[in-house]
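Listing of final13.txt; format and content: compact mmCIF, C-alpha atoms.
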```
# COMPACT_ATOMS: atom_id res chain seq x y z
CA MET A 9 -9.64 16.95 13.48
CA SER A 10 -10.94 13.39 13.48
CA LEU A 11 -7.58 11.91 14.50
CA THR A 12 -5.01 11.85 17.28
CA SER A 13 -1.57 10.39 16.74
CA ARG A 14 1.56 9.54 18.70
CA THR A 15 4.91 8.48 17.29
CA MET A 16 7.33 6.22 19.15
CA GLY A 17 10.55 5.76 17.20
CA ASP A 18 9.71 4.30 13.79
CA VAL A 19 6.07 3.62 14.60
CA SER A 20 3.21 6.08 14.52
CA VAL A 21 -0.17 5.08 15.96
CA VAL A 22 -3.09 7.08 14.59
CA ASN A 23 -6.39 6.83 16.48
CA VAL A 24 -9.60 7.59 14.63
CA ASP A 25 -11.87 9.54 16.98
CA VAL A 26 -15.10 9.39 14.96
CA ASP A 27 -17.55 6.49 14.95
CA ARG A 28 -18.25 6.53 11.21
CA ILE A 29 -15.92 6.95 8.20
CA ASP A 30 -18.39 7.57 5.40
CA ALA A 31 -19.02 9.73 2.32
CA ALA A 32 -19.78 12.77 4.52
CA ILE A 33 -16.29 12.85 6.05
CA ALA A 34 -14.08 10.80 3.68
CA ILE A 35 -12.31 13.84 2.16
CA GLN A 36 -11.70 15.46 5.56
CA PHE A 37 -10.47 12.12 6.91
CA LYS A 38 -7.99 11.82 4.05
CA GLU A 39 -6.67 15.33 4.72
CA ASP A 40 -6.39 14.68 8.46
CA MET A 41 -4.52 11.44 7.75
CA ARG A 42 -2.10 13.26 5.46
CA ALA A 43 -1.37 15.75 8.25
CA ALA A 44 -1.08 13.01 10.89
CA THR A 45 1.47 11.03 8.86
CA GLN A 46 3.63 13.97 7.82
CA ASP A 47 6.35 13.14 10.35
CA GLY A 48 7.49 10.39 7.99
CA ALA A 49 7.39 7.46 10.45
CA PRO A 50 8.18 4.35 8.36
CA ARG A 51 5.30 2.39 9.91
CA VAL A 52 1.82 3.77 10.53
CA ILE A 53 -0.78 1.86 12.54
CA LEU A 54 -4.34 3.05 12.05
CA ASP A 55 -6.39 2.26 15.16
CA LEU A 56 -10.03 1.82 14.08
CA SER A 57 -11.37 0.51 17.39
CA LYS A 58 -13.74 3.49 17.87
CA VAL A 59 -15.15 3.18 14.34
CA ASP A 60 -18.48 1.32 14.16
CA PHE A 61 -19.09 1.82 10.47
CA ILE A 62 -17.20 2.41 7.24
CA ASP A 63 -18.63 2.70 3.73
CA SER A 64 -16.94 2.40 0.32
CA SER A 65 -15.91 6.10 0.41
CA GLY A 66 -14.15 5.55 3.73
CA LEU A 67 -12.53 2.39 2.44
CA GLY A 68 -11.41 4.28 -0.68
CA ALA A 69 -9.89 6.97 1.57
CA ILE A 70 -7.83 4.38 3.48
CA VAL A 71 -6.61 2.88 0.17
CA ALA A 72 -5.69 6.39 -1.04
CA ILE A 73 -3.71 7.01 2.18
CA ARG A 74 -1.94 3.66 1.73
CA LYS A 75 -0.89 4.76 -1.77
CA GLN A 76 0.23 8.19 -0.54
CA LEU A 77 2.57 6.58 1.98
CA GLY A 78 4.21 4.68 -0.88
CA GLU A 79 6.13 1.41 -1.02
CA GLU A 80 8.77 2.61 1.49
CA ARG A 81 6.29 3.13 4.30
CA GLN A 82 3.83 0.68 5.82
CA LEU A 83 0.18 1.13 6.82
CA ASP A 84 -1.30 -1.49 9.13
CA LEU A 85 -4.78 -1.57 10.62
CA ALA A 86 -5.82 -2.43 14.16
CA GLY A 87 -8.99 -2.88 16.21
CA LEU A 88 -11.53 -3.45 13.45
CA THR A 89 -15.07 -3.69 14.85
CA SER A 90 -17.42 -6.29 13.36
CA THR A 91 -19.09 -4.28 10.56
CA VAL A 92 -15.80 -2.62 9.58
CA LYS A 93 -14.16 -6.05 9.44
CA LYS A 94 -16.99 -7.30 7.25
CA VAL A 95 -16.44 -4.50 4.72
CA PHE A 96 -12.72 -5.35 4.50
CA GLN A 97 -13.49 -9.06 4.08
CA LEU A 98 -16.20 -8.63 1.45
CA THR A 99 -14.01 -6.35 -0.68
CA ARG A 100 -10.98 -8.61 -0.04
CA MET A 101 -9.10 -5.53 1.23
CA ASP A 102 -8.19 -7.70 4.22
CA THR A 103 -5.65 -9.30 1.86
CA VAL A 104 -4.06 -5.93 1.07
CA PHE A 105 -3.55 -4.70 4.65
CA LYS A 106 -2.02 -6.33 7.70
CA ILE A 107 -4.77 -6.36 10.30
CA TYR A 108 -4.15 -6.69 14.05
CA PRO A 109 -6.73 -7.26 16.82
CA ASP A 110 -5.62 -4.07 18.61
CA ALA A 111 -3.00 -1.29 18.42
CA GLU A 112 -0.91 -2.78 21.23
CA THR A 113 -0.51 -6.09 19.36
CA ALA A 114 0.31 -4.18 16.18
CA VAL A 115 3.02 -2.15 17.95
CA SER A 116 4.67 -5.20 19.53
CA ALA A 117 4.56 -7.00 16.17
CA ALA A 118 6.71 -4.18 14.81
CA ALA A 119 9.22 -4.51 17.63
CA ALA A 120 9.58 -8.26 17.04
CA MET B 14 -39.42 8.17 11.13
CA THR B 15 -42.52 6.01 11.54
CA ALA B 16 -42.81 2.31 12.30
CA THR B 17 -46.08 0.68 11.29
CA GLY B 18 -46.12 -2.95 12.40
CA ARG B 19 -43.04 -4.40 10.82
CA ILE B 20 -42.38 -1.50 8.48
CA LEU B 21 -39.96 1.39 8.96
CA GLU B 22 -40.28 4.31 6.62
CA PHE B 23 -38.36 7.58 6.50
CA ASP B 24 -37.20 10.27 4.12
CA PHE B 25 -34.40 12.79 4.13
CA ALA B 26 -32.53 15.31 1.98
CA ALA B 27 -30.24 13.77 -0.65
CA THR B 28 -26.94 14.93 0.87
CA ASP B 29 -24.12 12.87 2.32
CA VAL B 30 -24.54 14.54 5.72
CA ALA B 31 -28.30 13.77 5.88
CA THR B 32 -27.60 10.20 4.71
CA ARG B 33 -25.04 9.81 7.51
CA ARG B 34 -27.58 11.03 10.06
CA ALA B 35 -30.40 8.83 8.69
CA LEU B 36 -28.23 5.70 8.75
CA ALA B 37 -26.89 6.38 12.25
CA GLY B 38 -30.50 6.83 13.44
CA LEU B 39 -31.71 3.70 11.68
CA THR B 40 -29.28 1.40 13.49
CA HIS B 41 -31.04 2.24 16.77
CA ARG B 42 -34.42 1.34 15.29
CA LEU B 43 -33.65 -2.04 13.71
CA PRO B 44 -34.58 -3.89 16.95
CA GLU B 45 -38.18 -2.77 16.17
CA LEU B 46 -37.96 -5.11 13.17
CA GLU B 47 -36.39 -7.81 15.36
CA ILE B 48 -33.06 -7.43 13.63
CA GLY B 49 -29.90 -7.87 15.71
CA PRO B 50 -26.62 -5.92 15.49
CA ASP B 51 -24.78 -8.45 13.29
CA MET B 52 -27.41 -8.48 10.54
CA GLY B 53 -27.98 -4.78 11.22
CA GLY B 54 -24.37 -4.07 10.21
CA CYS B 55 -24.92 -5.75 6.84
CA ILE B 56 -28.16 -3.85 6.27
CA GLU B 57 -26.33 -0.61 7.05
CA ILE B 58 -23.59 -1.48 4.54
CA VAL B 59 -26.13 -2.19 1.77
CA LEU B 60 -28.20 0.92 2.53
CA ALA B 61 -25.14 3.19 2.75
CA GLU B 62 -23.90 2.10 -0.69
CA ALA B 63 -27.32 2.36 -2.33
CA LEU B 64 -27.97 5.79 -0.77
CA ASN B 65 -24.50 7.16 -1.56
CA ASN B 66 -25.15 6.16 -5.14
CA VAL B 67 -28.38 8.19 -5.21
CA VAL B 68 -26.68 11.24 -3.67
CA GLU B 69 -23.60 11.09 -5.93
CA HIS B 70 -25.11 9.99 -9.24
CA ALA B 71 -28.91 10.33 -9.39
CA TYR B 72 -28.86 13.79 -7.75
CA ALA B 73 -25.32 14.76 -8.75
CA ALA B 74 -25.01 18.55 -8.54
CA ARG B 75 -28.80 18.97 -8.20
CA PRO B 76 -29.79 20.49 -4.87
CA GLY B 77 -33.14 19.91 -3.15
CA GLY B 78 -33.43 16.18 -3.83
CA LYS B 79 -35.28 13.84 -1.47
CA ILE B 80 -34.79 10.15 -0.77
CA ARG B 81 -37.51 7.91 0.65
CA VAL B 82 -36.60 4.59 2.27
CA ARG B 83 -38.95 1.80 3.32
CA LEU B 84 -37.92 -1.35 5.17
CA ARG B 85 -40.41 -4.19 5.39
CA ARG B 86 -39.70 -7.18 7.56
CA THR B 87 -41.21 -10.51 6.50
CA ARG B 88 -40.70 -13.76 8.40
CA SER B 89 -37.44 -14.58 6.60
CA HIS B 90 -36.48 -11.44 4.66
CA LEU B 91 -35.99 -7.71 4.78
CA VAL B 92 -37.31 -5.91 1.71
CA VAL B 93 -35.82 -2.44 1.22
CA THR B 94 -37.34 0.05 -1.23
CA ILE B 95 -35.48 3.25 -2.06
CA ARG B 96 -37.20 5.96 -4.07
CA ASP B 97 -35.74 9.14 -5.54
CA THR B 98 -36.58 11.53 -8.36
CA GLY B 99 -33.03 12.04 -9.61
CA ARG B 100 -31.49 10.91 -12.89
CA PRO B 101 -32.16 7.26 -13.80
CA PHE B 102 -29.33 4.76 -14.21
CA PRO B 103 -27.75 4.91 -17.69
CA GLY B 104 -30.02 2.95 -20.03
CA LYS B 105 -32.46 2.67 -17.08
CA ARG B 106 -30.67 -0.51 -16.05
CA LEU B 107 -28.57 -1.50 -13.06
CA PRO B 108 -24.83 -1.12 -13.67
CA PRO B 109 -23.03 -4.34 -14.64
CA PHE B 110 -21.12 -6.23 -12.00
CA VAL B 111 -17.39 -5.53 -12.14
CA GLU B 112 -14.95 -7.77 -10.31
CA LEU B 113 -12.32 -5.67 -8.52
CA ASP B 114 -8.71 -6.44 -9.33
CA LEU B 115 -6.46 -6.30 -6.25
CA SER B 116 -3.61 -8.26 -7.80
CA GLY B 117 -1.59 -5.38 -9.25
CA SER B 118 0.90 -2.96 -7.76
CA LEU B 119 0.15 -0.59 -4.88
CA ASP B 120 -0.54 2.26 -7.32
CA SER B 121 -3.16 0.25 -9.20
CA LEU B 122 -5.30 -0.57 -6.14
CA PRO B 123 -8.90 0.56 -6.66
CA GLU B 124 -10.11 3.51 -4.51
CA GLY B 125 -13.73 3.06 -5.54
CA GLY B 126 -16.13 0.71 -7.24
CA PHE B 127 -16.73 -1.25 -4.04
CA GLY B 128 -20.33 -0.10 -3.62
CA TRP B 129 -22.17 -2.35 -6.06
CA SER B 130 -20.05 -5.36 -5.25
CA LEU B 131 -20.93 -4.92 -1.54
CA ILE B 132 -24.63 -4.60 -2.40
CA ARG B 133 -24.59 -7.71 -4.58
CA ASP B 134 -22.60 -9.71 -2.03
CA LEU B 135 -25.14 -9.04 0.72
CA THR B 136 -28.50 -9.06 -1.09
CA GLY B 137 -30.42 -11.98 -2.55
CA ALA B 138 -32.17 -9.87 -5.17
CA VAL B 139 -31.73 -6.37 -6.56
CA ARG B 140 -34.38 -4.89 -8.87
CA TYR B 141 -34.57 -1.45 -10.40
CA ARG B 142 -37.40 0.33 -12.19
CA HIS B 143 -37.85 3.87 -13.41
CA ILE B 144 -41.56 4.65 -13.10
CA SER B 145 -43.04 8.08 -14.00
CA GLY B 146 -39.85 9.91 -13.16
CA VAL B 147 -39.18 7.97 -9.95
CA ASN B 148 -36.21 5.65 -9.48
CA VAL B 149 -37.30 2.62 -7.46
CA LEU B 150 -34.63 0.27 -6.16
CA TYR B 151 -35.71 -2.96 -4.43
CA LEU B 152 -33.21 -4.85 -2.32
CA ARG B 153 -34.13 -8.17 -0.74
CA MET B 154 -31.97 -9.52 2.06
CA ASP B 155 -32.26 -12.99 3.52
CA LEU B 156 -32.44 -12.90 7.33
CA ASP B 157 -32.37 -16.67 7.84
CA PRO B 158 -29.03 -17.43 9.52
CA ALA B 159 -28.63 -20.56 7.38
CA ASN B 160 -28.86 -18.61 4.10
CA ALA B 161 -27.90 -15.01 4.82
CA PRO B 162 -24.68 -14.07 2.99
CA CYS B 163 -24.07 -11.68 5.90
CA ARG B 164 -23.62 -14.60 8.29
CA LYS B 165 -21.26 -16.43 5.99
CA THR B 166 -18.47 -13.90 6.30
CA MET B 167 -15.79 -15.14 8.63
CA PHE B 168 -15.00 -13.50 11.93
CA GLY B 169 -11.43 -14.00 13.01
```
Since I need it in another form, could you write the structure as structure tokens?
Amino acid sequence: MSLTSRTMGDVSVVNVDVDRIDAAIAIQFKEDMRAATQDGAPRVILDLSKVDFIDSSGLGAIVAIRKQLGEERQLDLAGLTSTVKKVFQLTRMDTVFKIYPDAETAVSAAAA
Amino acid sequence: MTATGRILEFDFAATDVATRRALAGLTHRLPELEIGPDMGGCIEIVLAEALNNVVEHAYAARPGGKIRVRLRRTRSHLVVTIRDTGRPFPGKRLPPFVELDLSGSLDSLPEGGFGWSLIRDLTGAVRYRHISGVNVLYLRMDLDPANAPCRKTMFG
């Protein structure tokens, strides 16, 4: 399992515990995410602060997870490291997701 | 992996696991080419996309393939050469550039097709040749902070 998650009320924070989300683990990551979000929390925050690198397969997996959650649920991202942030900016995926500096900020933004 | 002067050269099996390992190892060796972590991240992005493409398309479903990578540092550029003996690109030409459309509904968001756009965003020149059964991909990246597309991305 590449993930650990905790749910507080309507918000679930999923921590990614691997340093790379790439072609070698993208499918496993998607499956782990499906399992981690099964509780149905309306808002999921994906904490990427331990991830140094993501490639297009990893990015595709996050988009696929976003779609799986559907319009009724929300997927926000937190803690993007510099190369991961660059990939989101270059592909303009930073316009599709709400991105927070860290999970704590993302959680309090939900409470507001 | 060997480093001769300002050249790094290495080869590995054409699998996604070996590619992951080679790229993770390379990031520790870029200081030998006097390349810092910021630029190093962009080089890793470009290499990952080019190498994934070789594994998934050139060697698709063909075991035993090898990939050879050479990085040459000049004063202002990094020249990357990737060689493999898999299938050539269709028509022996680089695929056309496709602009991704993110404007539609959630369901229509693209889950792929980012690879070549990332490569083209971050490289000054991309050349491809198929010579005597070998695919040769040249990628030239500007390292000059004033010109490098890598440096122009915003950090917020």
Sorted by chain and rising residue number, which residues of chain B lie within 8 Å of chain A, and what are their closest atom pairs and distances in Å to one decimal, counting all atoms listed in the file, as JSON lines?
```
{"residue": "B:Asp29", "atom": "CA", "partner": "A:Ala32", "partner_atom": "CA", "distance": 4.9}
{"residue": "B:Val30", "atom": "CA", "partner": "A:Ala32", "partner_atom": "CA", "distance": 5.2}
{"residue": "B:Arg33", "atom": "CA", "partner": "A:Ala32", "partner_atom": "CA", "distance": 6.7}
{"residue": "B:Asp51", "atom": "CA", "partner": "A:Thr91", "partner_atom": "CA", "distance": 7.6}
{"residue": "B:Gly54", "atom": "CA", "partner": "A:Thr91", "partner_atom": "CA", "distance": 5.3}
{"residue": "B:Cys55", "atom": "CA", "partner": "A:Thr91", "partner_atom": "CA", "distance": 7.1}
{"residue": "B:Ile58", "atom": "CA", "partner": "A:Asp63", "partner_atom": "CA", "distance": 6.5}
{"residue": "B:Ala61", "atom": "CA", "partner": "A:Asp63", "partner_atom": "CA", "distance": 6.6}
{"residue": "B:Glu62", "atom": "CA", "partner": "A:Asp63", "partner_atom": "CA", "distance": 6.9}
{"residue": "B:Asn65", "atom": "CA", "partner": "A:Ala31", "partner_atom": "CA", "distance": 7.2}
{"residue": "B:Leu115", "atom": "CA", "partner": "A:Val104", "partner_atom": "CA", "distance": 7.7}
{"residue": "B:Leu119", "atom": "CA", "partner": "A:Lys75", "partner_atom": "CA", "distance": 6.3}
{"residue": "B:Asp120", "atom": "CA", "partner": "A:Lys75", "partner_atom": "CA", "distance": 6.1}
{"residue": "B:Leu122", "atom": "CA", "partner": "A:Val71", "partner_atom": "CA", "distance": 7.3}
{"residue": "B:Pro123", "atom": "CA", "partner": "A:Gly68", "partner_atom": "CA", "distance": 7.5}
{"residue": "B:Glu124", "atom": "CA", "partner": "A:Gly68", "partner_atom": "CA", "distance": 4.1}
{"residue": "B:Gly125", "atom": "CA", "partner": "A:Gly68", "partner_atom": "CA", "distance": 5.5}
{"residue": "B:Gly126", "atom": "CA", "partner": "A:Ser64", "partner_atom": "CA", "distance": 7.8}
{"residue": "B:Phe127", "atom": "CA", "partner": "A:Ser64", "partner_atom": "CA", "distance": 5.7}
{"residue": "B:Gly128", "atom": "CA", "partner": "A:Ser64", "partner_atom": "CA", "distance": 5.8}
{"residue": "B:Ser130", "atom": "CA", "partner": "A:Thr99", "partner_atom": "CA", "distance": 7.6}
{"residue": "B:Leu131", "atom": "CA", "partner": "A:Leu98", "partner_atom": "CA", "distance": 6.7}
{"residue": "B:Asp134", "atom": "CA", "partner": "A:Leu98", "partner_atom": "CA", "distance": 7.4}
{"residue": "B:Thr166", "atom": "CA", "partner": "A:Lys94", "partner_atom": "CA", "distance": 6.8}
{"residue": "B:Met167", "atom": "CA", "partner": "A:Gln97", "partner_atom": "CA", "distance": 7.9}
{"residue": "B:Phe168", "atom": "CA", "partner": "A:Ser90", "partner_atom": "CA", "distance": 7.7}
```
message: I'd like the neighbourhood of Asp110 (chain A) as number ranges by chain, where a residue qualifies if any of its atoms comes within 12 Å (using only C-alpha atoms), though same-chain residues fewer than 5 positions away should be ignored.
response: A: 21, 23, 53-58, 84-89, 115-117
- prompt: Which one of A:Gln36, A:Ala43, A:Tyr108, A:Pro50 sits closest to Gln82 (chain A) if you count all atoms listed in the file?
  reply: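 Counting all atoms listed in the file, the residue closest to Gln82 (chain A) is A:Pro50.
Across the structure, CA of Glu80 (chain A) and CA of Ser10 (chain A) are spaced 25.5 Å apart.
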Do a neighbour search on Leu107 (chain B) at 9 Å with all atoms listed in the file, toss out local chain neighbours closer than 2 positions, and write the hits as an mmCIF file with C-alpha atoms, keeping the file's coordinate frame.
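Below is the file that was written, selection.cif:
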```cif
data_model
loop_
_atom_site.group_PDB
_atom_site.id
_atom_site.type_symbol
_atom_site.label_atom_id
_atom_site.label_comp_id
_atom_site.auth_asym_id
_atom_site.auth_seq_id
_atom_site.Cartn_x
_atom_site.Cartn_y
_atom_site.Cartn_z
ATOM 1 C CA PHE B 102 -29.330 4.760 -14.210
ATOM 2 C CA PRO B 103 -27.750 4.910 -17.690
ATOM 3 C CA GLY B 104 -30.020 2.950 -20.030
ATOM 4 C CA LYS B 105 -32.460 2.670 -17.080
ATOM 5 C CA PRO B 109 -23.030 -4.340 -14.640
ATOM 6 C CA PHE B 110 -21.120 -6.230 -12.000
ATOM 7 C CA VAL B 139 -31.730 -6.370 -6.560
ATOM 8 C CA ARG B 140 -34.380 -4.890 -8.870
ATOM 9 C CA TYR B 141 -34.570 -1.450 -10.400
#
```
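Here CA of Phe105 (chain A) stands at a distance of 15.4 Å from CA of Val22 (chain A).
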- prompt: So what do you get for CA of Val93 (chain B) versus CA of Leu152 (chain B), distance-wise?
  reply: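 Computing it gives 5.0 Å between the two atoms.
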Which centre and edge lengths in Å to one decimal define the box along x, y and z that fits every listed atom of region 95-106 of chain A plus 4 Å per side, as JSON?
```
{"center_x": -9.2, "center_y": -6.9, "center_z": 3.5, "size_x": 22.4, "size_y": 12.8, "size_z": 16.4}
```
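Polymer residues near (-26.0, -7.8, 0.0): counting all atoms listed in the file with a cut-off of 8 Å, they are Cys55, Ile56, Val59, Leu131, Ile132, Arg133, Asp134, Leu135, Thr136, Gly137, Met154, Pro162 and Cys163 of chain B.
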Store the residues of this selection in a file with C-alpha atoms, as an mmCIF file, keeping the file's coordinate frame.
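So out_8.cif came out as:
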```cif
data_model
loop_
_atom_site.group_PDB
_atom_site.id
_atom_site.type_symbol
_atom_site.label_atom_id
_atom_site.label_comp_id
_atom_site.auth_asym_id
_atom_site.auth_seq_id
_atom_site.Cartn_x
_atom_site.Cartn_y
_atom_site.Cartn_z
ATOM 1 C CA CYS B 55 -24.920 -5.750 6.840
ATOM 2 C CA ILE B 56 -28.160 -3.850 6.270
ATOM 3 C CA VAL B 59 -26.130 -2.190 1.770
ATOM 4 C CA LEU B 131 -20.930 -4.920 -1.540
ATOM 5 C CA ILE B 132 -24.630 -4.600 -2.400
ATOM 6 C CA ARG B 133 -24.590 -7.710 -4.580
ATOM 7 C CA ASP B 134 -22.600 -9.710 -2.030
ATOM 8 C CA LEU B 135 -25.140 -9.040 0.720
ATOM 9 C CA THR B 136 -28.500 -9.060 -1.090
ATOM 10 C CA GLY B 137 -30.420 -11.980 -2.550
ATOM 11 C CA MET B 154 -31.970 -9.520 2.060
ATOM 12 C CA PRO B 162 -24.680 -14.070 2.990
ATOM 13 C CA CYS B 163 -24.070 -11.680 5.900
#
```
- prompt: Using only C-alpha atoms, which residues sit within 7 Å of Thr98 (chain B) once same-chain residues fewer than 5 positions away are excluded, as a PyMOL selection string?
  reply: chain B and resi 146-148
task: Counting only C-alpha atoms, note down every residue that has an atom within 8 Å of the point (-36.2, -4.3, 0.1) (file coordinates), as a ChimeraX atom specification.
output: /B:83-85,91-95,150-154
